[in-house]
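*Asks:* Data file run_5.csv (CSV, C-alpha atoms and all ligand atoms) is appended below.
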chain,number,residue,atom,x,y,z
A,1,MET,CA,69.2,97.0,88.4
A,2,LYS,CA,72.2,99.2,87.5
A,3,ILE,CA,75.6,98.3,89.0
A,4,VAL,CA,77.7,101.3,90.1
A,5,LEU,CA,81.3,101.2,91.3
A,6,ALA,CA,82.0,103.6,94.2
A,7,THR,CA,85.6,104.2,93.4
A,8,GLY,CA,87.6,106.9,91.8
A,9,ASN,CA,90.8,104.8,91.6
A,10,LYS,CA,91.5,104.1,87.9
A,11,GLY,CA,93.5,100.9,88.7
A,12,LYS,CA,90.6,99.4,90.7
A,13,LEU,CA,88.1,100.4,88.0
A,14,ARG,CA,90.1,98.7,85.3
A,15,GLU,CA,90.3,95.5,87.3
A,16,PHE,CA,86.6,95.5,88.2
A,17,LYS,CA,85.6,96.1,84.6
A,18,GLN,CA,87.8,93.2,83.5
A,19,MET,CA,86.5,90.9,86.2
A,20,CYS,CA,82.7,91.7,86.0
A,21,THR,CA,80.8,90.0,83.2
A,22,GLU,CA,77.9,92.5,83.6
A,23,GLU,CA,78.0,96.1,82.8
A,24,VAL,CA,79.3,98.3,85.6
A,25,VAL,CA,79.7,102.1,85.6
A,26,ALA,CA,81.9,104.3,87.7
A,27,PHE,CA,80.0,106.6,90.0
A,28,SER,CA,81.7,109.7,88.5
A,29,GLU,CA,79.8,109.0,85.2
A,30,LEU,CA,76.5,109.6,87.0
A,31,LEU,CA,77.4,112.0,89.9
A,32,GLY,CA,80.6,113.7,88.7
A,33,GLU,CA,83.9,113.4,90.6
A,34,PHE,CA,84.2,114.2,94.4
A,35,GLU,CA,86.1,112.9,97.4
A,36,ILE,CA,84.5,110.8,100.1
A,37,VAL,CA,85.8,111.2,103.7
A,38,GLU,CA,87.0,107.7,104.7
A,39,ASP,CA,87.1,108.0,108.5
A,40,GLY,CA,86.4,104.4,109.4
A,41,HIS,CA,88.8,102.3,111.5
A,42,THR,CA,88.8,99.2,109.4
A,43,PHE,CA,88.7,98.2,105.7
A,44,SER,CA,85.1,97.1,106.0
A,45,GLU,CA,84.0,100.3,107.7
A,46,ASN,CA,85.6,102.4,105.0
A,47,ALA,CA,84.1,100.2,102.2
A,48,LEU,CA,80.6,100.7,103.7
A,49,ILE,CA,81.1,104.4,104.1
A,50,LYS,CA,82.0,104.7,100.3
A,51,ALA,CA,79.1,102.4,99.1
A,52,ARG,CA,76.5,104.1,101.3
A,53,THR,CA,77.6,107.6,100.3
A,54,ILE,CA,77.2,106.8,96.6
A,55,TYR,CA,74.0,104.8,97.1
A,56,GLU,CA,72.4,107.7,99.0
A,57,LYS,CA,73.4,110.3,96.4
A,58,LEU,CA,72.2,108.1,93.5
A,59,CYS,CA,68.8,107.6,95.3
A,60,LYS,CA,68.5,111.4,95.7
A,61,GLN,CA,69.5,112.3,92.2
A,62,TYR,CA,67.8,109.4,90.3
A,63,PRO,CA,64.8,108.3,92.6
A,64,GLN,CA,63.2,106.4,89.7
A,65,GLU,CA,66.2,104.1,89.2
A,66,ASN,CA,67.2,100.9,91.2
A,67,TYR,CA,70.9,100.9,91.9
A,68,LEU,CA,73.3,98.4,93.4
A,69,VAL,CA,76.6,100.0,94.5
A,70,ILE,CA,79.9,98.1,94.9
A,71,SER,CA,82.9,99.7,96.7
A,72,ASP,CA,86.4,98.5,97.5
A,73,ASP,CA,88.6,99.5,100.4
A,74,SER,CA,92.0,98.0,100.2
A,75,GLY,CA,95.6,98.3,101.2
A,76,ILE,CA,98.9,96.6,101.8
A,77,SER,CA,100.3,95.5,105.3
A,78,LEU,CA,103.8,94.6,106.3
A,79,PRO,CA,104.2,92.6,109.6
A,80,VAL,CA,107.7,94.1,109.9
A,81,LEU,CA,106.0,97.5,110.1
A,82,ASN,CA,103.4,96.3,112.6
A,83,GLY,CA,100.8,96.1,109.8
A,84,SER,CA,101.4,99.5,108.2
A,85,PRO,CA,100.4,101.1,105.9
A,86,GLY,CA,97.2,99.0,106.1
A,87,ILE,CA,94.0,101.2,105.9
A,88,TYR,CA,96.3,104.2,105.4
A,89,SER,CA,97.8,102.8,102.1
A,90,ALA,CA,96.4,105.6,99.9
A,91,ARG,CA,97.8,108.3,102.1
A,92,TYR,CA,101.0,106.7,103.3
A,93,ALA,CA,103.2,109.4,102.0
A,94,GLY,CA,100.7,112.2,102.8
A,95,VAL,CA,97.4,113.6,101.6
A,96,GLY,CA,97.1,114.3,97.9
A,97,VAL,CA,100.2,112.2,97.0
A,98,THR,CA,100.6,110.0,93.9
A,99,ASP,CA,100.8,106.2,93.8
A,100,LYS,CA,104.5,106.5,93.1
A,101,ASP,CA,105.1,108.6,96.2
A,102,ASN,CA,103.5,105.9,98.3
A,103,LEU,CA,105.4,103.1,96.5
A,104,TYR,CA,108.8,104.7,97.0
A,105,LYS,CA,108.1,105.6,100.7
A,106,LEU,CA,107.4,101.9,101.3
A,107,ILE,CA,110.5,100.9,99.4
A,108,ASP,CA,112.5,103.3,101.6
A,109,ALA,CA,110.9,101.8,104.8
A,110,VAL,CA,111.9,98.3,103.7
A,111,LYS,CA,115.5,99.5,103.0
A,112,GLU,CA,115.6,101.3,106.4
A,113,LYS,CA,115.0,97.9,108.0
A,114,GLY,CA,118.1,96.6,106.1
A,115,LEU,CA,115.9,94.1,104.2
A,116,LYS,CA,116.0,93.1,100.6
A,117,TYR,CA,112.5,91.5,100.9
A,118,THR,CA,109.9,90.9,103.6
A,119,PRO,CA,106.5,89.3,103.9
A,120,ALA,CA,103.4,91.4,103.1
A,121,TYR,CA,99.8,91.0,102.2
A,122,TYR,CA,97.0,92.9,100.5
A,123,THR,CA,93.5,93.1,102.0
A,124,ALA,CA,90.3,94.1,100.1
A,125,ALA,CA,86.9,94.7,101.7
A,126,ILE,CA,84.2,94.9,99.1
A,127,ALA,CA,80.8,96.4,100.2
A,128,VAL,CA,77.6,95.8,98.3
A,129,VAL,CA,74.7,98.2,99.1
A,130,SER,CA,71.2,98.1,97.5
A,131,LYS,CA,67.7,98.8,98.8
A,132,TYR,CA,67.6,95.1,100.0
A,133,GLY,CA,70.5,95.5,102.4
A,134,GLU,CA,74.3,95.9,103.0
A,135,TYR,CA,77.0,93.2,102.7
A,136,VAL,CA,80.8,93.2,103.2
A,137,VAL,CA,83.2,90.5,102.1
A,138,HIS,CA,87.0,90.3,102.3
A,139,GLY,CA,89.8,88.8,100.2
A,140,TRP,CA,93.6,88.6,100.9
A,141,MET,CA,96.7,88.0,98.8
A,142,HIS,CA,100.0,87.0,100.5
A,143,GLY,CA,103.6,87.4,99.3
A,144,ASN,CA,106.7,89.5,99.8
A,145,VAL,CA,107.6,93.1,99.0
A,146,ILE,CA,111.1,93.8,97.7
A,147,ASP,CA,113.4,96.9,98.0
A,148,GLU,CA,112.9,98.1,94.5
A,149,ALA,CA,110.1,98.7,91.9
A,150,ARG,CA,109.9,96.3,88.9
A,151,GLY,CA,107.5,96.6,86.0
A,152,GLU,CA,104.9,99.2,85.0
A,153,LYS,CA,101.7,97.0,85.1
A,154,GLY,CA,99.1,97.0,87.9
A,155,PHE,CA,99.0,100.1,90.1
A,156,GLY,CA,99.9,101.3,93.6
A,157,TYR,CA,102.3,99.0,95.4
A,158,ASP,CA,102.3,96.3,92.6
A,159,PRO,CA,105.8,96.9,91.3
A,160,MET,CA,107.3,95.9,94.7
A,161,PHE,CA,104.9,93.0,95.5
A,162,ILE,CA,105.8,89.4,94.5
A,163,PRO,CA,102.8,87.0,95.2
A,164,SER,CA,103.5,83.7,97.0
A,165,GLU,CA,104.8,81.0,94.6
A,166,MET,CA,105.7,83.6,92.0
A,167,LYS,CA,109.0,85.0,90.8
A,168,LEU,CA,107.7,88.2,89.2
A,169,THR,CA,106.2,91.4,90.7
A,170,LEU,CA,102.6,92.4,90.0
A,171,GLY,CA,104.1,95.2,88.0
A,172,GLU,CA,105.5,92.6,85.7
A,173,LEU,CA,102.4,90.3,85.6
A,174,ASN,CA,99.3,91.1,83.5
A,175,ASP,CA,95.8,92.0,84.9
A,176,GLU,CA,94.4,88.5,84.1
A,177,ILE,CA,97.0,86.7,86.2
A,178,LYS,CA,96.6,89.3,89.0
A,179,SER,CA,92.8,88.9,89.1
A,180,GLU,CA,93.0,85.1,89.5
A,181,ILE,CA,95.0,85.4,92.7
A,182,SER,CA,94.4,88.9,94.0
A,183,HIS,CA,92.7,90.1,97.2
A,184,ARG,CA,90.2,92.0,95.0
A,185,GLY,CA,89.5,88.9,92.8
A,186,LYS,CA,88.9,86.7,95.8
A,187,ALA,CA,86.6,89.3,97.5
A,188,LEU,CA,84.7,89.7,94.2
A,189,ALA,CA,84.2,86.0,93.9
A,190,LEU,CA,82.5,86.1,97.3
A,191,ALA,CA,80.5,89.1,96.4
A,192,LYS,CA,79.2,87.7,93.1
A,193,PRO,CA,76.6,85.3,94.5
A,194,ILE,CA,75.3,88.2,96.8
A,195,ILE,CA,75.0,90.5,93.8
A,196,GLU,CA,73.2,87.8,91.8
A,197,MET,CA,70.8,87.2,94.7
A,198,LEU,CA,70.0,90.9,95.1
A,199,GLN,CA,69.3,91.2,91.4
A,200,LYS,CA,66.6,88.5,91.6
A,201,PHE,CA,64.4,90.4,94.2
B,301,LIG,P1,88.7,104.8,96.2
B,301,LIG,O1,88.6,105.0,97.7
B,301,LIG,O2,88.1,105.9,95.4
B,301,LIG,O3,88.3,103.4,95.8
B,301,LIG,P2,91.6,104.9,96.8
B,301,LIG,O4,92.8,104.8,96.0
B,301,LIG,O5,91.5,106.0,97.8
B,301,LIG,O6,90.3,104.8,95.8
B,301,LIG,P3,91.7,103.1,99.1
B,301,LIG,O7,91.3,104.1,100.1
B,301,LIG,O8,91.0,101.7,99.2
B,301,LIG,O9,91.4,103.5,97.6
B,301,LIG,O10,93.2,102.9,99.1
B,301,LIG,C1,93.8,101.8,98.6
B,301,LIG,C2,95.3,102.0,98.3
B,301,LIG,O11,96.0,100.8,98.6
B,301,LIG,C3,95.5,102.4,96.9
B,301,LIG,O12,95.6,103.7,96.7
B,301,LIG,C4,96.8,101.6,96.5
B,301,LIG,O13,97.9,102.4,96.8
B,301,LIG,C5,96.8,100.4,97.5
B,301,LIG,N1,96.2,99.2,96.8
B,301,LIG,C6,95.0,98.6,97.0
B,301,LIG,N2,94.8,97.6,96.2
B,301,LIG,C7,95.9,97.5,95.5
B,301,LIG,C8,96.3,96.7,94.4
B,301,LIG,O14,95.6,95.7,93.9
B,301,LIG,N3,97.5,96.9,93.9
B,301,LIG,C9,98.3,97.9,94.3
B,301,LIG,N4,98.0,98.8,95.3
B,301,LIG,C10,96.8,98.6,95.9
Now, as a test, write the supplied structure out as structure tokens.
*Replies:*
Amino acid sequence: MKIVLATGNKGKLREFKQMCTEEVVAFSELLGEFEIVEDGHTFSENALIKARTIYEKLCKQYPQENYLVISDDSGISLPVLNGSPGIYSARYAGVGVTDKDNLYKLIDAVKEKGLKYTPAYYTAAIAVVSKYGEYVVHGWMHGNVIDEARGEKGFGYDPMFIPSEMKLTLGELNDEIKSEISHRGKALALAKPIIEMLQKF
């Protein structure tokens, strides 16, 4: 059974490839690159939309193969902003913007509140779709966001996020440390037994 990642986000791909012991390929290697309309109202709805879309296209294009598709819908939420940007994290500064545009818009929002730092959390919903069924699991990482960007590691909002019990931002910590505590790492730990079970059928 081939494992395919239904994401076009290079930061997520790098983290999944580092966390998965088995071989995983990006959907673009098999289907080319294209956008998926994420019009769900929750992280889990959007994760399922992405995994189903890729699974259906793979079945059509490679009917002889047996695929298991994994997707990730994630984002950062600030209680001081009533949970924003949440499921809109990728388009916080608009459609077709860069990670840096989103990052600096959130830094500006923190500054506008007159805050140096404020609580925040990341959420990840991971969907697993195969011919044996559909599953969704979640993981969270809590911490604080600060009013500046520090470090070049990670991706997205990482340079402004300091995980609980830590002093450095995720922009300053390496991928191995992030994976142990991250929303994505926690969700993937829950998804792994499901993936193993589906591979045994
Ligand atoms: P795919 O849908 O192709 O997977 P995407 O970037 O559009 O890629 P999402 O819709 O799930 O993915 O949006 C997630 C956004 O939330 C992402 O663009 C980042 O800005 C942010 N994000 C999620 N996880 C993050 C992490 O671990 N570190 C930093 N930012 C993260």
*Asks:* Asn174 (chain A): which residues within 7 Å, counting only C-alpha atoms, same-chain residues fewer than 3 positions away excluded, as a PyMOL selection string?
*Replies:* chain A and resi 153+177-178
*Asks:* With C-alpha atoms retained, could you export that selection as a CSV table (one decimal), in the coordinates of the input?
*Replies:*
chain,number,residue,atom,x,y,z
A,153,LYS,CA,101.7,97.0,85.1
A,177,ILE,CA,97.0,86.7,86.2
A,178,LYS,CA,96.6,89.3,89.0
*Asks:* Residues contacting ligand LIG 301 (chain B) - anything with an atom at most 6 Å away, using only C-alpha atoms and all ligand atoms - can you give me those as an mmCIF file with C-alpha atoms, in the frame of the given file?
*Replies:*
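Below you can see selection.cif, which holds the result:
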data_model
loop_
_atom_site.group_PDB
_atom_site.id
_atom_site.type_symbol
_atom_site.label_atom_id
_atom_site.label_comp_id
_atom_site.auth_asym_id
_atom_site.auth_seq_id
_atom_site.Cartn_x
_atom_site.Cartn_y
_atom_site.Cartn_z
ATOM 1 C CA THR A 7 85.600 104.200 93.400
ATOM 2 C CA GLY A 8 87.600 106.900 91.800
ATOM 3 C CA ASN A 9 90.800 104.800 91.600
ATOM 4 C CA ASP A 72 86.400 98.500 97.500
ATOM 5 C CA ASP A 73 88.600 99.500 100.400
ATOM 6 C CA SER A 74 92.000 98.000 100.200
ATOM 7 C CA GLY A 75 95.600 98.300 101.200
ATOM 8 C CA SER A 89 97.800 102.800 102.100
ATOM 9 C CA ALA A 90 96.400 105.600 99.900
ATOM 10 C CA ASP A 99 100.800 106.200 93.800
ATOM 11 C CA PHE A 155 99.000 100.100 90.100
ATOM 12 C CA GLY A 156 99.900 101.300 93.600
ATOM 13 C CA TYR A 157 102.300 99.000 95.400
ATOM 14 C CA ASP A 158 102.300 96.300 92.600
#
*Asks:* Dig up all the protein and nucleic acid residues within 8 Å of (66.3, 98.1, 94.8) in the file frame, using only C-alpha atoms, and format them as a PyMOL selection string.
*Replies:* chain A and resi 1+66-68+130-132+201
*Asks:* Could you tell me how far CA of Ser182 (chain A) lies from CA of Gly133 (chain A), in Å and to one decimal?
*Replies:* 26.2 Å
*Asks:* What is the distance between CA of Lys111 (chain A) and CA of Val145 (chain A), in Å to one decimal?
*Replies:*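 CA of Val145 (chain A) lies at a distance of 10.9 Å from CA of Lys111 (chain A).
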*Asks:* From the options A:Cys20, A:Ala191, A:Ser164, A:Glu35, which residue's atoms come nearest to Gly96 (chain A), counting only C-alpha atoms?
*Replies:*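 So, comparing all the options, the nearest one is A:Glu35.
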*Asks:* Can you measure CA of Val25 (chain A) to CA of Ile181 (chain A) for me? One decimal in Å is fine.
*Replies:*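 Between CA of Val25 (chain A) and CA of Ile181 (chain A) the gap works out to 23.7 Å.
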*Asks:* Just checking: using all atoms listed in the file, which residue out of A:Ser179, A:Thr21, A:Ser84, A:Ser71 ends up closest to Val110 (chain A)?
*Replies:* A:Ser84
*Asks:* So which one's closest to Pro79 (chain A), A:Glu23, A:Tyr121, A:Arg52, A:Met141? Using only C-alpha atoms, please.
*Replies:*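 Of A:Glu23, A:Tyr121, A:Arg52, A:Met141, the one nearest Pro79 (chain A) is A:Tyr121, counting only C-alpha atoms.
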*Asks:* So, with all atoms listed in the file as the atoms that count, which of A:Ala120, A:Pro163, A:Glu56, A:Ile126 lies closest to Ile194 (chain A)?
*Replies:* A:Ile126
*Asks:* My list of candidates is A:Ala51, A:Lys10, A:Glu38, A:Val95. Which is closest to Val136 (chain A) when distances are computed with all atoms listed in the file?
*Replies:* A:Ala51
*Asks:* Pick from A:Gly32, A:Pro159, A:Gly151, A:Gly171: nearest to Tyr104 (chain A), with only C-alpha atoms counted?
*Replies:*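 Closest to Tyr104 (chain A), using only C-alpha atoms: A:Pro159.
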*Asks:* Draw an axis-aligned box tight on the listed atoms of region 29-40 of chain A, then pad every side by 5 Å and write out centre and edge lengths in Å to one decimal as lines of an AutoDock Vina configuration file.
*Replies:*
center_x = 81.8
center_y = 109.3
center_z = 97.3
size_x = 20.6
size_y = 19.8
size_z = 34.2
*Asks:* Starting from the point (93.4, 90.6, 103.7), work out which residues of protein, DNA or RNA have an atom no more than 8 Å away when counting only C-alpha atoms; state them as a ChimeraX atom specification.
*Replies:* /A:121-125,138-141,183
*Asks:* Please save C-alpha atoms of the selected residues as a PDB file, in the coordinates of the input.
*Replies:*
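Saved as selection06.pdb:
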ATOM      1  CA  TYR A 121      99.800  91.000 102.200  1.00  0.00           C
ATOM      2  CA  TYR A 122      97.000  92.900 100.500  1.00  0.00           C
ATOM      3  CA  THR A 123      93.500  93.100 102.000  1.00  0.00           C
ATOM      4  CA  ALA A 124      90.300  94.100 100.100  1.00  0.00           C
ATOM      5  CA  ALA A 125      86.900  94.700 101.700  1.00  0.00           C
ATOM      6  CA  HIS A 138      87.000  90.300 102.300  1.00  0.00           C
ATOM      7  CA  GLY A 139      89.800  88.800 100.200  1.00  0.00           C
ATOM      8  CA  TRP A 140      93.600  88.600 100.900  1.00  0.00           C
ATOM      9  CA  MET A 141      96.700  88.000  98.800  1.00  0.00           C
ATOM     10  CA  HIS A 183      92.700  90.100  97.200  1.00  0.00           C
TER      11      HIS A 183
END
*Asks:* When you look at Lys192 (chain A) with a cut-off of 12 Å (counting all atoms listed in the file), what residues show up, excluding the ones that are within fewer than 4 positions of it in the same chain? I need them as a list in words.
*Replies:* Ile3, Phe16, Met19, Cys20, Thr21, Glu22, Ile70, Ile126, Ala127, Val128, Tyr135, Val136, Val137, Arg184, Gly185, Lys186, Ala187, Leu188, Glu196, Met197, Leu198 and Gln199 of chain A
